[in-house]
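Undergrad: Sharing a structure, written as C-alpha cells. Questions coming.
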Amino acid sequence: MRAIQISVIGSGGEWEAQAEEVGRLLAGRGCTVVTGGGAEVMAAAARGAKQAGGRTIGILPGESPDEANEWIDISVATGTGHARNLAVAASGEAVIAVGGSWGTLSEIAFARRLGRPVVLLAGGVAVEGEGFLRAATPDEAVELAL
C-alpha cells in the first residue's frame, strides 16, 4: 500500500523549527513528506521526517538530482525552474504551508486549483479567502492535513 504523501511548502530560516516538527509528525503518522528539495523549510521538513524514520521526496527546479538537500530519499530533477511548483503541489494529497514567500504562494494557488486541502501554519504567508485550513501549531497542521 502506498503511503499518504503530504507536501510541505514554504521558505524562511526562521520557520525551520516548525517545519522540522511538521516533518517529524507526518513521518510518525506513516506519511511520505514531499518538498521542493531545497534549503530552509524544505530541508527542515525532510530532516524531521528522516529523524522520525520517514521517507522523503524532493522535486527540484534544476536538472540534477544532486541538487537535493541531504535528507531527500527520492530526488526528482525537473529542469523546469519555478514551474516545478505545480509538481510539488500535485504530489501531495494535502499541502502544509510553513512560512513562505512568492514561490509558496504559487504552490498554494496550484494546490487549491487542483482541489488539494491547504493548511496554513499561523504567522506564514497571508492568504485571504475561503477554502484554507488554518493551524496554530505544527500538531494542528498535521491533524488538519490528514
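Labeling convention for the C-alpha cells: chains A, B, ... as they appear, residues from 1 per chain, ligands from 1 in order of appearance.
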At a cut-off of 7 Å, using only C-alpha atoms, what residues contact Glu93 of chain A? Leave out same-chain residues fewer than 6 positions from it and give the result as a PyMOL selection string.

TA: chain A and resi 4-6+116

Undergrad: How would the residues just chosen look if you wrote them out with C-alpha atoms as a PDB file, in the first residue's frame?

TA:
```
ATOM      1  CA  ILE A   4      -0.056   9.111   2.073  1.00  0.00           C
ATOM      2  CA  GLN A   5       2.053  11.892   0.564  1.00  0.00           C
ATOM      3  CA  ILE A   6       1.855  15.356   2.127  1.00  0.00           C
ATOM      4  CA  ARG A 116      -5.935  19.800  -2.602  1.00  0.00           C
TER       5      ARG A 116
END
```

Undergrad: If you run DSSP on the backbone here, which positions in segment 50-86 of chain A get strand (DSSP E or B)? Please write them as number ranges by chain.

TA: A: 55-60, 74-77

Undergrad: If you take only C-alpha atoms and a cut-off of 12 Å, which residues of segment 79-116 of chain A touch segment 18-26 of chain A, and what are their nearest atom pairs and distances in Å to one decimal, in chain and number order, as JSON lines?

TA:
```
{"residue": "A:Ala94", "atom": "CA", "partner": "A:Leu26", "partner_atom": "CA", "distance": 11.5}
{"residue": "A:Val95", "atom": "CA", "partner": "A:Val22", "partner_atom": "CA", "distance": 11.3}
{"residue": "A:Ile96", "atom": "CA", "partner": "A:Val22", "partner_atom": "CA", "distance": 8.5}
{"residue": "A:Ala97", "atom": "CA", "partner": "A:Ala19", "partner_atom": "CA", "distance": 8.9}
{"residue": "A:Val98", "atom": "CA", "partner": "A:Ala19", "partner_atom": "CA", "distance": 6.3}
{"residue": "A:Gly99", "atom": "CA", "partner": "A:Ala19", "partner_atom": "CA", "distance": 8.7}
{"residue": "A:Gly100", "atom": "CA", "partner": "A:Ala19", "partner_atom": "CA", "distance": 11.1}
```

Undergrad: Please determine, counting only C-alpha atoms, which residue among A:Ala135, A:Met42, A:Ile74, A:Ala90 has the shortest atom-to-atom distance to Ile9 of chain A.

TA: A:Met42

Undergrad: Excluding segment 59-71 of chain A and its own-chain neighbours fewer than 3 positions away, which residues fall within 9 Å of it when counting only C-alpha atoms? Please give them as a PyMOL selection string.

TA: chain A and resi 34-39+42-50+55-56+74-85+87-88

Undergrad: Using the selection just defined, write its residues with C-alpha atoms as an mmCIF file, in the first residue's frame.

TA:
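Resulting contents of result-v4.cif:
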```
data_model
loop_
_atom_site.group_PDB
_atom_site.id
_atom_site.type_symbol
_atom_site.label_atom_id
_atom_site.label_comp_id
_atom_site.auth_asym_id
_atom_site.auth_seq_id
_atom_site.Cartn_x
_atom_site.Cartn_y
_atom_site.Cartn_z
ATOM 1 C CA VAL A 34 7.209 15.880 -0.334
ATOM 2 C CA THR A 35 9.137 19.162 -0.615
ATOM 3 C CA GLY A 36 10.901 21.229 -3.230
ATOM 4 C CA GLY A 37 14.133 19.568 -2.108
ATOM 5 C CA GLY A 38 15.974 22.800 -1.249
ATOM 6 C CA ALA A 39 17.082 24.619 1.885
ATOM 7 C CA MET A 42 12.186 22.273 2.692
ATOM 8 C CA ALA A 43 15.335 20.852 4.300
ATOM 9 C CA ALA A 44 13.915 21.147 7.810
ATOM 10 C CA ALA A 45 10.725 19.244 6.946
ATOM 11 C CA ALA A 46 12.753 16.497 5.287
ATOM 12 C CA ARG A 47 15.193 16.390 8.216
ATOM 13 C CA GLY A 48 12.322 15.999 10.689
ATOM 14 C CA ALA A 49 10.817 13.215 8.614
ATOM 15 C CA LYS A 50 14.124 11.354 8.385
ATOM 16 C CA ARG A 55 10.596 8.800 3.636
ATOM 17 C CA THR A 56 11.069 11.992 1.663
ATOM 18 C CA ILE A 74 13.942 10.321 -3.820
ATOM 19 C CA SER A 75 15.167 13.254 -5.883
ATOM 20 C CA VAL A 76 13.165 14.316 -8.943
ATOM 21 C CA ALA A 77 15.066 16.713 -11.199
ATOM 22 C CA THR A 78 12.508 18.540 -13.327
ATOM 23 C CA GLY A 79 14.619 21.082 -15.210
ATOM 24 C CA THR A 80 11.584 23.369 -15.135
ATOM 25 C CA GLY A 81 12.610 26.074 -12.667
ATOM 26 C CA HIS A 82 9.695 27.622 -10.789
ATOM 27 C CA ALA A 83 7.244 25.593 -12.857
ATOM 28 C CA ARG A 84 8.188 22.637 -10.631
ATOM 29 C CA ASN A 85 5.909 24.214 -8.014
ATOM 30 C CA ALA A 87 4.547 19.162 -9.318
ATOM 31 C CA VAL A 88 5.178 19.854 -5.631
#
```

Undergrad: Smallest atom-to-atom distance to Val41 of chain A: which of A:Leu86, A:Leu121, A:Val8, A:Met1, using only C-alpha atoms?

TA: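 Nearest to Val41 of chain A: A:Val8.
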
Undergrad: When you look at Ala3 of chain A with a cut-off of 8 Å (counting only C-alpha atoms), what residues show up, excluding the ones that are within fewer than 6 positions of it in the same chain? I need them as a PyMOL selection string.

TA: chain A and resi 30-32
